[in-house]
Structure formats: C-alpha cells, structure tokens
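K.L.:
Handing you a structure now.
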Amino acid sequence: MNLGTIIGLLLGLALMGFASFMGAANVGVPVTALFDYISILIVFGGSLAATAIAFKMSQVLHLFRLLKMIFQDDNFTMGNVVDDICKLSESYRKSRKDLESTLSSKPESMPFRMHAVSDGCELILGGTKPDDIQTFLDNNSEYRELREREDVNIMKTLGTYAPAFGMIGTLIGLIFMLAGMGTGGADKIGTAMGVALITTLYGAFAANFLFLPFADKLKGKNEVKKVQDAMTTAGVLMIAYKKHPLEIRDALNAYLPPGQRTKEEE
Amino acid sequence: MNLGTIIGLLLGLALMGFASFMGAANVGVPVTALFDYISILIVFGGSLAATAIAFKMSQVLHLFRLLKMIFQDDNFTMGNVVDDICKLSESYRKSRKDLESTLSSKPESMPFRMHAVSDGCELILGGTKPDDIQTFLDNNSEYRELREREDVNIMKTLGTYAPAFGMIGTLIGLIFMLAGMGTGGADKIGTAMGVALITTLYGAFAANFLFLPFADKLKGKNEVKKVQDAMTTAGVLMIAYKKHPLEIRDALNAYLPPGQRTKEEE
Amino acid sequence: MNLGTIIGLLLGLALMGFASFMGAANVGVPVTALFDYISILIVFGGSLAATAIAFKMSQVLHLFRLLKMIFQDDNFTMGNVVDDICKLSESYRKSRKDLESTLSSKPESMPFRMHAVSDGCELILGGTKPDDIQTFLDNNSEYRELREREDVNIMKTLGTYAPAFGMIGTLIGLIFMLAGMGTGGADKIGTAMGVALITTLYGAFAANFLFLPFADKLKGKNEVKKVQDAMTTAGVLMIAYKKHPLEIRDALNAYLPPGQRTKEEE
Amino acid sequence: MNLGTIIGLLLGLALMGFASFMGAANVGVPVTALFDYISILIVFGGSLAATAIAFKMSQVLHLFRLLKMIFQDDNFTMGNVVDDICKLSESYRKSRKDLESTLSSKPESMPFRMHAVSDGCELILGGTKPDDIQTFLDNNSEYRELREREDVNIMKTLGTYAPAFGMIGTLIGLIFMLAGMGTGGADKIGTAMGVALITTLYGAFAANFLFLPFADKLKGKNEVKKVQDAMTTAGVLMIAYKKHPLEIRDALNAYLPPGQRTKEEE
Amino acid sequence: MNLGTIIGLLLGLALMGFASFMGAANVGVPVTALFDYISILIVFGGSLAATAIAFKMSQVLHLFRLLKMIFQDDNFTMGNVVDDICKLSESYRKSRKDLESTLSSKPESMPFRMHAVSDGCELILGGTKPDDIQTFLDNNSEYRELREREDVNIMKTLGTYAPAFGMIGTLIGLIFMLAGMGTGGADKIGTAMGVALITTLYGAFAANFLFLPFADKLKGKNEVKKVQDAMTTAGVLMIAYKKHPLEIRDALNAYLPPGQRTKEEE
C-alpha cells in the first residue's frame, strides 16, 4: 500500500471533518448542512460526462484501474531488481540451461520483480540479437509511457472540469433562487444560496483533494518507471553480453539514488 | 458512431436536466427559468463572431464538418488496414497486373480503409520511385496534420471566448438592472439578476461541456491519425519493395497496441 | 477585404446591440445606460499607456498599420504567384534581356504579387550568386517574421491589459460609491455601481472582441507568410538555376493546399 | 530618455487622474478617498518582502538600477557603432600604433558607444588570438544575458505578488469590517469596505501599470542587446582579421533594420 | 544565514502586523479578530494532505530539510573554492603523497568547501581515469539536480493548494452561515462571514508570502549549484591532468561573475 497517499487522504478528511464540525457548532446548524446529493451528481457526473466526451470510452473505463495504481506500491525495491539481474547474469555465464532453470524457478526462489527482466531473458534464450532485444524493450517502454501519460491527462482533465461543473451547479442554484425571490419565495434566500454554494465546494474539493493530487501521483510514478525501464533494459543487455555480475551491479547502481544502492551479497 | 462522446453527452444532459428539475422544484419555480434566448445569442453568437474575426472564413465554415468528425468513428480497425496491406503486397509480388486488379476490385471485396494506402499503390503502379512516394505521403500527412491542428485551435478558441461572452452578457444585464434600480424598478432586482446570471451559466456550460471536450477529442483523434499515417507510409513502401507479407505484418504490428495486433490469416 | 473579419465584427456588434436593446427594454431603461465615456478613457487609454510603457514608441505607432493589415487581404492567390514565377523562368531561359523586359513590364501585364519575387529577380540580373540570393531572401524573411511576431505580441498585450484596466476602473468607481455611501449619498448606489461595472464590461469586450481575435488573426497571417516566403525563395532560386517552368510548377505546388494548385496554362 | 515609457506613464497617470476626478465629482466625494497609506504599505511592502524572500539580497537592491535602465535610452544608434568599428578597422589596417591612438583618443573625437568594442580592441592590441577574443566576448554576453533575464524575472515576480498582496490587504480590511459589524460598528460599513477595496486597486494598478510593463520593457531591451552583442563581436573579429572597412560595413548592416543602415561616409 | 530571506520575512511580517493593527484600530475591533485556529488547520493541514497524496512520503518528510536549506547560506564563496582547487593542484603536481596529506589535513587548515572537490580528489588518488571521474561527477550532479527540482515542485504544489483550501474553508464557513441564517441565527452574519473569509486570507498569505517565494528561492539556489557543479568538475579534471594552478585559476574564473573573481595569492 502507498502510505503517503493513504495518510494524506485520512489526514485531509479528518481535518476537514473536524473543521466542519467546529464550524457547524459555532453557528448552531447540523453538519449535514454540507451534504447535498444533487451537487454530487452535478460535480462528479458532469466532470465524468465531459471527460467521456473528450476521451475514448476505453480510457474512461480505465479510471478505476488508475485508482488501484495510485494506492498500490511495488512490493520490491530497485535494489531487489539489481540483485535479480546479477543472479540471472551469473546463471547465464555458467550455461544457457542454467538461465532457463533460474527463469523457470521464478515463482519460488526468485520473484522476478519486473516483467521486462523476464521478457528480456526469454528473448535471450530465444536467440534474439541484443540490438533487437533493445529495440523491443525500448518500444515497449515507449508505448507504456505514452499510454500512462494519457492516464495523467485524464486525471488532470477531471481536475479541470470538476470546479467548472461546481460553478455551473452554483449558477443553476442561484438563478432558481433569484427567480424564486421575484415570485415571493424570498424567505428561503439564505438556505437556497447555501445549497447553491455546496456545488462549488464539492468542485473545489474534488479537484484539489482528489483529481489533481492523483494526477501528480501518477505523473511521479511514471517518472520512476522511466528510470526503471532504462535500468532493466541496460541490465538485460549486459546479461546478453555475459558481463560479470560485479560490473553489472556497479553500472546499474548508477541508476539508483545513493540510499538504495546494494552491495554484492557474495 | 463514437460511443464515448454520445454517452458523455447524454449522461451529462440527463444529469444537468435532473439536477435542474430538482433545484427548480426545491424553490418552487418552473425549470424554464433557466432558458433565455438572448443569452444564447450573446454566448454562441459572440463566440462565433470573435472566432470569425480571429480565423479565416473557410475555417469557421469548416466547424460543422468538425462536429461530424467528433461523432463519427472509423468503421475499421488498424488491424484491418494491416490485412489490406498484406493482401496488396501479395498481389504485387505475383505481378503488377494482380495489384491493379486488387486495387480496382476495391469497392466489393476490399474496402481500402485508408486513402493513403490506395493513393500509395497507384503511385507504385504509376512507376514513381519509393523515395518520391515517401516524400509525397509525408507531405500529405504533414499538411493534414497542420490543418487539423488548426481545427483543434478553433475549438479551443470557442471554448475560451464562450465564458468571456457569458461574462459580458451578465455584465450588460447587471448594468441595466442597476440602472433600472436607480429609476424605480427595484422590485425586479432578483429576476433581472437571475436573468443576467443565465448568460454566465451558458458560457461556462458551452465551454466545459461542448467546446473544450470537443477540442480534446479532436486532438486525440489527430494523434491517432499520426500513428496511422506513419504505419500506412511504412506499409506502402514495403509493398513497393516487394517485401514478404509475413515480414510486413510483423513490422506493422509494432505500430499497434498489443490488443489490436492481428495474426496472419493463412 | 477580409470577409471573415468584417462579417465577424458586424455579426458580433449586431448581436450585442440587439441583446442590449432587448435587455434594456426588459428593465425599462434606455440602452444608453451602457455608454460611459470615462470608462472608454480608462480602458483604452490605460491599455495604450501600459503598452506604450512596455514597448518602443515606434511599435505602438505601428498599431494603426496593423489594423489595416487585419482588414486587408492579398488581392492575389498563391497560384498567381506560381504563374508569375513560371513566366519569369521562361523569359530568363530565353535570355537575360527577356527577363529584364518582363520585370520592367511589371505594372501593366504582370503585377508581381510578392516583392520577394521581383527583388530576387533583380539580384539575378545583378549577377548575385544563387547562394547569396538565398541568404539575402532568408534574412529578409527572418527579419520580417521577427517584427511581425512583435506585432502579435503588442496586440496580445493590449488584450491582457484591457480587462485589467477594466477592473481598475470598476474598483475606482466602487471605492467612490462606498465613500459616498458613508457621507449620505446612499440613494445613488445602484446607478453608481452600474457605472462602475461598465468599465469591466468595456475591458472584457475590448479584449475578447477586438484585441485577442486581432492578435490571433495577425498570427494566422504571419504563418501563411512563412509558407509564402519559403515558396518564393524556392521559386527565385529555380529561376536562377534556369529550371524548366513545368518542373518549377510541380515543385512549388507542393507548398499549396490541393485546392489552390494551378495547372500549366500552355 | 525613453520617450515611449515617459509618454505612457504620463498619459496613463493623466487619464487615471482625470477619470478619478470625474468619478469623485459624480458621487460628490473628494478624490482623496482613493488614497490610503496603509494600502500602499501592504501592496508595495508586501510585494517587496515576498520578492526579497524569493531572490538574493543583491538582486533586490539592483531594482533601482533597473528603473534607471527602463527610463534611459542609449544616446547612440547602431549605425554609430558601425561607424566606430569601421574607423577602428581603418586605423588598425594602417598600424598597431594608429589603433592605439584612436582608442586612447576616445573621450574627445570618438565616444565608443559600446564597451564591448573597446574591450575587444584592447584584447587585439594585447595580442590575444581572434578565437580567444571570440570566446571572451561570447562568455561576457552570455553572462550579461543570464543576469538580465533574472532582472526581468524579478520585475515579473513583483507584478505577480502585487495583486496578491492587494487581495490580502482587502481581506484583512473586510474581516475587520465584518468583525466590527457584529460588535455594533455597522454605520461605517460603506467607508470601511471602500478602504478595504483600495488595496486591491493599488495591487492591480502597481502590477498592470508599473511592474508588468516594466518587465516587458526590460525583456525588449535585452533582446536588442543580444543583436548588438552579436554585431559588435562580429565587428571586433573583422578588425582583428584586418578586413576592409567597406566589407565590414556591408556585413554589419545585415544586423540592422533597413532604416538604420548607414552608408560609408568617405 | 540568508540575509535576504530573513529580512524579507521580518519586513513582511512587520508590515502586515502594522497594517493589521491600524486597520483593527480604525474599526475599533481587537486585532485578534484575524486569528482563527480552525482556518490554520484547514489551510496548512489541507495543503499538506493534498501534497502527501501527490508526492512520496519521503519527499514530504523532506520538507523541513528544505526550510533549513532556504534559510542557510553557504559559508564560503566560489572564490574560496577556486583557491582550494588551486592549492590541491599544487600539491598533486609535487607528489601523490602531498595531495593525500593536503586532503587529510582538511579539517584544520583547509575547510574544503564542496564535497565534489574532495570526492573527486579521492577518485584521483584511487587511480580512477579522468573520463570515469567526469562520468561519476556528472551523474552525481545530474541526480542531485533531479531531486532538487522535485523539491521545488513540492513547494510550488503547496503554493497551489494553499489558496484552494483557503477557498474551500471559506465556502464551508459561508454554507454554514447561510444555513444558520435560514434557521434564525441571522444576528451573527457579519462575524460568521468574517471568520469564513479568514481561511481565504490564510491561503493567500501562505501561498504568496511563504510557499511560492520559498519555491523561487530553492529554484535560484539550484541554478547556482548547477554552475558550481560545472566549475568543480572542471577543476577536479584539471587537477587530474596536473595543470598549472595559474592556468586553473584563469579557467575557473570564467564561471564566476566579475566581482567574485580572485587573484592568485602568491
């Protein structure tokens, strides 16, 4: 689980909740005055509708997968991947067979943290030339990057439309309120105006507490993946060239921040 | 038909309609309080006028074609195009005649999904050198891209001017209302102010529900076309060089996302 | 004349006028409530003053020439220019003298649509080497582009300052109104506030109906000129190299959109 | 003196002053209702403080020099500089001594408009190789450009913070006013709110009439200097290579707009 | 200590404090009307929560270190570093031993201002080739730059979310106030609205007085570090190549602004 995101969400909700209760108590109204299901419909429904118009259906349905990605962290460090690559290189330097068995023993003894590593090794075993392996891995990572940049865009678009629909909802509420005022319903002005403002609140909250931070999170994750892709590609190629594990470790450590660098275990 | 756009539009309109009815019922005014034909004139007329000033007449008249493009999807997949190219390559490897007849049998057996493919094949039959074919197809796709980027711009410009004219309409309404207040028409303040706000609502709605999502949609479509153009150009050139259909399929599949890749049918 | 711009301006003014009359009639105030000469002074004077501070005097005085440029279209098509270049090439292939007489017969039979063409031909007659002609024409077009980009900037700057001075004028009006309220002039609140808002209206209108669309128009014209410059430079060089008119026409047509391409007349 | 900036400032102040007097007379309040020294403190002090936090002390103290630079124009044209360079080249072609004496006679007969020219000539006399002279002059101009871009940034930053502190001041004023309302000071609402708005007015005015146009002015000046630096560097190198003054003049004229080009005087 | 930042903070706080006291005295309310702990919770808590969602936990915890970095200046000038490098070069030209002892005498006689210098010298002593030293130092500086750009981003993000949560808090306050109005608590309107506005004030203040200037400060510091890194890398390489100290000083001075350049001490 991604601790930062969880803590941020809980902390933010707790704070907002506490502030709302205090604010409600101050004026002597129930805190439920903040809830309005029509406003939720306008803000979330409207943003989703506008996003559905702007993007492909398949990308919008992809949104739930994105949420999962935001909350889920990799259960391995880059150092683990370096270890894996070194072990694989050692096997391949012994014999082709050894690499095969190390690859097939994946589920038990070695969890192969990144698909790219095992995909690359299978290409090596299949006899593909290093140049073609590089082209294949580079293409793969370029395609994924493109798709994931689109995912960030869809989150950002939601974060742009949410406040806009918040304002649209408030305008609708205000127009009805003002129309009602002219026809004699003037005693409800305050309440009606409060209800109208709730939509703006939801829009601002959805954008600044959910969609925009989520977009930033996804963007950060993609940037990490770009470094990972560069590292695994370099690693697989070094396996193919039968470089010594120690040399591989030195070269791959350059991709890691100092704190995550691992020493040789032997 | 483009499902996402249709669903988005219907969903959004249904939500907005439902929310409006609920809001109107709450305050006891008819939902028609939201409609004002002068506001429509100001927002859509003003945005169109400003766009007509900013762009060429021909581009503005192009707008309706753009709407058609937004709602219409290609009735073929990229995989179909790969199939077509492979078939053409097979014919051309047999004989020049065979390619001619395959091209001319277009309407029935092979609908030639992309103009670029048949244009390219005709150039091959006309004896143009592969290098010149490439220049021709590249120029064509560059020109189309430029024109279509301009189409995105025109939609974005509409999305920028719509809220501005919404605000202009509201200001005009408010100024008259305040002028009327000074001369004794104070009992209509609420209604007049509500009417004034309707223009802002229309401007926000037109921009965030129509023009801006449409601009995003067009932008997405253009990006897909760029990949398609690259693929068809590569394909036509491979036909010209009489490459084997299997090799062509492998090479062209690289342009497709994994899910859309097709296997050889034979 | 530039039809799009004229139609846009007239349409926009008609719509705004109609909407204003309807709005004024609704509340029972004269439509002249929208006019306030002090607001015009603040918005247009203030924007011009801020622009005069930001740019060189000569550039600001250039503004009126820009307006002329916005409303005036070229009275020739790119196809005409291609025709001219082909004729000149034909003359030059006959003899140096022939090119001279074709050039000097300019005013009557051939109106030489672009200065660059006749400038280039005079360089050819003067014996300048093709490389130096290219440098000269490239420099000229680069300089013009730089100056014209600055012209777009000055329009955009006006479009940025106009709403700002609109707000400044409104703030001045509001502050006086509120000051007057404290000293007993409370009966004029509505009117005074209406007058204050007029400046915001003028600022929004000047920016979104005049300055910003004008800036977009100039930008579009500059982009057309860039293509024209590239085409005339290519054409003049082909004349210098005594290429065949048919070859020139084929090469230059590549710069034109399909609809404007011309066939040889002979 | 820089005419455009002076005229812009005077025109703007005159217009704003006139509009303010008319506005004040309309409502019957003294025009001094627009002045509030606390608001000046908040807007200018706050913007300066935020800028001092964001930049180095030395850069902030540099601000007054920047103002001088905005109002002061070069008292020479680029054509003068070309003349100087041609004269220097003539001397150097006669003898090293002659260049020395021309350089030392600077104060009386030839005012050496740009430092770069005399710096470069001293390097020539000192025996530095042309390549090293170029490196030296290029480095110098690159450094100056970097520092001057930072100057533009500091002005832009002031233009961003000024409206923000204007809003902060208004919020402080409104909060006190509303607090006072609750405790019985309700008769001062109008005046207090007017005073609160003055800070927003000052912020908008400082940004749009001073800081942002000043930033644009500095940016324009830097761009002119970039062309001047390129020209003087080319000129000094041509002196070093003992090129003929006529050739130098032709080459350097390419850097000038057509209207400023000078003919040889001899 | 960083003088500019400290002075800016104190000056800004003093000004705001003074303006607040004057404003409070004007209306006759205590200046404490500006303080509201719930608003602090919403603005700072909300911004932090949103930032925690958007970034990694480790980066958010890094924030306090960033504050230290903003207030702390290097206790050495670039000229000192040039001096150090020249001394080290002199030792190394004498003997390997001499460099070792100069390096080990660090704490007393020579404070070695930049890690990069001593790291580089140890690589020289360890026998690493100059090319590999350059790769190592370049990689290190590239990684630090990436991490520090992320630090600027986190500050900017706080500066974006702070006003948003300020608005959210104000909306919550307004909605409760309006709800209370409908249920008979109308006498507290002014106070409640004032309290609601405090959150907007805090958001604007936190962004424009703290987060955004801090982000600019960090950005400026990073740019200085980039030049420093380039200079130390060049210096270390020149030590490795046993260049003469005078030559090193001349070359490194090119990286310094004229005022900071040092002369040789011998």
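By convention here, the chains of the structure tokens are called A, B, ... in the order presented, each chain's residues are numbered starting at 1, and ligands are numbered starting at 1 in the order presented.
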For A:Asn222, work out the shell of residues within 8 Å, counting only C-alpha atoms and skipping chain neighbours fewer than 3 positions away, then give it as an MDAnalysis selection string.
P.N.:
chainID A and resid 145 148:149 218:219 225:226
K.L.:
Using only C-alpha atoms, which residues sit within 9 Å of D:Leu252 once same-chain residues fewer than 6 positions away are excluded, as an MDAnalysis selection string?
P.N.:
chainID D and resid 82 231:232 234:235 261
K.L.:
Restricting the output to N, CA, C and O atoms, write the selected residues as a PDB file, in the first residue's frame.
P.N.:
```
ATOM      1  N   VAL D  82      28.472  51.008 -35.959  1.00  0.00           N
ATOM      2  CA  VAL D  82      29.083  50.523 -37.200  1.00  0.00           C
ATOM      3  C   VAL D  82      30.146  51.509 -37.672  1.00  0.00           C
ATOM      4  O   VAL D  82      31.258  51.112 -38.055  1.00  0.00           O
ATOM      5  N   MET D 231      26.517  41.720 -33.146  1.00  0.00           N
ATOM      6  CA  MET D 231      27.114  42.630 -34.124  1.00  0.00           C
ATOM      7  C   MET D 231      28.499  43.094 -33.682  1.00  0.00           C
ATOM      8  O   MET D 231      29.451  43.067 -34.473  1.00  0.00           O
ATOM      9  N   THR D 232      28.659  43.523 -32.435  1.00  0.00           N
ATOM     10  CA  THR D 232      29.968  44.017 -32.008  1.00  0.00           C
ATOM     11  C   THR D 232      31.005  42.894 -32.025  1.00  0.00           C
ATOM     12  O   THR D 232      32.151  43.110 -32.407  1.00  0.00           O
ATOM     13  N   ALA D 234      31.059  40.296 -34.053  1.00  0.00           N
ATOM     14  CA  ALA D 234      31.440  40.121 -35.457  1.00  0.00           C
ATOM     15  C   ALA D 234      32.367  41.247 -35.901  1.00  0.00           C
ATOM     16  O   ALA D 234      33.367  41.022 -36.599  1.00  0.00           O
ATOM     17  N   GLY D 235      32.055  42.490 -35.473  1.00  0.00           N
ATOM     18  CA  GLY D 235      32.856  43.635 -35.878  1.00  0.00           C
ATOM     19  C   GLY D 235      34.274  43.569 -35.342  1.00  0.00           C
ATOM     20  O   GLY D 235      35.253  43.766 -36.091  1.00  0.00           O
ATOM     21  N   ARG D 261      20.418  51.439 -41.451  1.00  0.00           N
ATOM     22  CA  ARG D 261      21.683  51.148 -42.117  1.00  0.00           C
ATOM     23  C   ARG D 261      22.378  52.439 -42.544  1.00  0.00           C
ATOM     24  O   ARG D 261      21.733  53.371 -43.008  1.00  0.00           O
TER      25      ARG D 261
END
```
K.L.:
Counting only C-alpha atoms, which residue out of A:Lys221, A:Lys129, A:His115, A:Lys243 sits closest to chain E?
P.N.:
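Closest residue, counting only C-alpha atoms: A:Lys221.
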K.L.:
Can you pull out the residues contacting B:Gln228? Cut-off 9 Å, using only C-alpha atoms, and skip same-chain residues under 6 positions away; I want them as a list in words.
P.N.:
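Within the cut-off, the hits are Met78, Met114 and Tyr255 of chain B.
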K.L.:
Name all residues at most 6 Å from stretch 15-24 of chain D (count only C-alpha atoms; drop same-chain ones fewer than 5 positions away) and give them as a ChimeraX atom specification.
P.N.:
/C:38,176 /D:29-31
K.L.:
Please write the residues from the selection above to a file, keeping N, CA and C atoms, as a PDB file, in the first residue's frame.
P.N.:
```pdb
ATOM      1  N   ILE C  38     -16.012  58.076 -19.683  1.00  0.00           N
ATOM      2  CA  ILE C  38     -14.864  57.933 -18.770  1.00  0.00           C
ATOM      3  C   ILE C  38     -14.345  56.487 -18.798  1.00  0.00           C
ATOM      4  N   PHE C 176     -15.336  55.097  -4.737  1.00  0.00           N
ATOM      5  CA  PHE C 176     -16.024  56.382  -4.596  1.00  0.00           C
ATOM      6  C   PHE C 176     -17.462  56.173  -4.140  1.00  0.00           C
TER       7      PHE C 176
ATOM      8  N   VAL D  29     -17.798  63.007  -3.624  1.00  0.00           N
ATOM      9  CA  VAL D  29     -16.803  62.758  -2.565  1.00  0.00           C
ATOM     10  C   VAL D  29     -15.470  63.332  -3.039  1.00  0.00           C
ATOM     11  N   PRO D  30     -14.577  63.675  -2.127  1.00  0.00           N
ATOM     12  CA  PRO D  30     -13.266  64.181  -2.546  1.00  0.00           C
ATOM     13  C   PRO D  30     -12.445  63.067  -3.174  1.00  0.00           C
ATOM     14  N   VAL D  31     -11.602  63.438  -4.139  1.00  0.00           N
ATOM     15  CA  VAL D  31     -10.822  62.438  -4.842  1.00  0.00           C
ATOM     16  C   VAL D  31      -9.811  61.778  -3.899  1.00  0.00           C
TER      17      VAL D  31
END
```
K.L.:
With distances taken over only C-alpha atoms, which residue among C:Ala240, C:Val27, C:Ile53, C:Ile172 lies nearest chain B?
P.N.:
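Among the listed residues, C:Val27 lies closest to chain B.
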K.L.:
Which one is closest to chain B: A:Ile168, A:Ile239, A:Ala230, A:Ile70? Count only C-alpha atoms.
P.N.:
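Looking at the shortest contact to chain B, the residue is A:Ile168.
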K.L.:
With a distance threshold of 9 Å and counting only C-alpha atoms, extract the residues of chain B near chain A and express them as a PyMOL selection string.
P.N.:
chain B and resi 2-13+15-16+18-20+22-24+26-31+33-34+187-198+200-202+204-205+208-210+212-218+220+254+257
K.L.:
For a test of reading the model, state the distance in Å between atom CA of E:Asp138 and atom CA of A:Asn80, rounded to one decimal.
P.N.:
25.5 Å
K.L.:
Pull the alpha helix (DSSP H) assignments for stretch 67-162 of chain C out of DSSP run on the backbone, and list those residues as an NGL selection string.
P.N.:
:C and (67-71 or 78-94 or 96-104 or 106-109 or 115-125 or 130-162)
K.L.:
One decimal, Å: what's the distance from atom CA of E:Val224 over to atom CA of E:Phe211, could you say?
P.N.:
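Atom CA of E:Phe211 lies at a distance of 20.1 Å from atom CA of E:Val224.
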K.L.:
For a test of reading the model, state the distance in Å between atom CA of E:Leu246 and atom CA of E:Ser89, rounded to one decimal.
P.N.:
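So the two atoms, atom CA of E:Leu246 and atom CA of E:Ser89, lie 9.9 Å apart.
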K.L.:
Identify which of the residues D:Ala25, D:Phe71, D:Gly259, D:Val236 lies closest to D:Asp131, counting only C-alpha atoms when measuring atom-to-atom distances.
P.N.:
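Looking only at the distances to D:Asp131, the closest residue turns out to be D:Val236.
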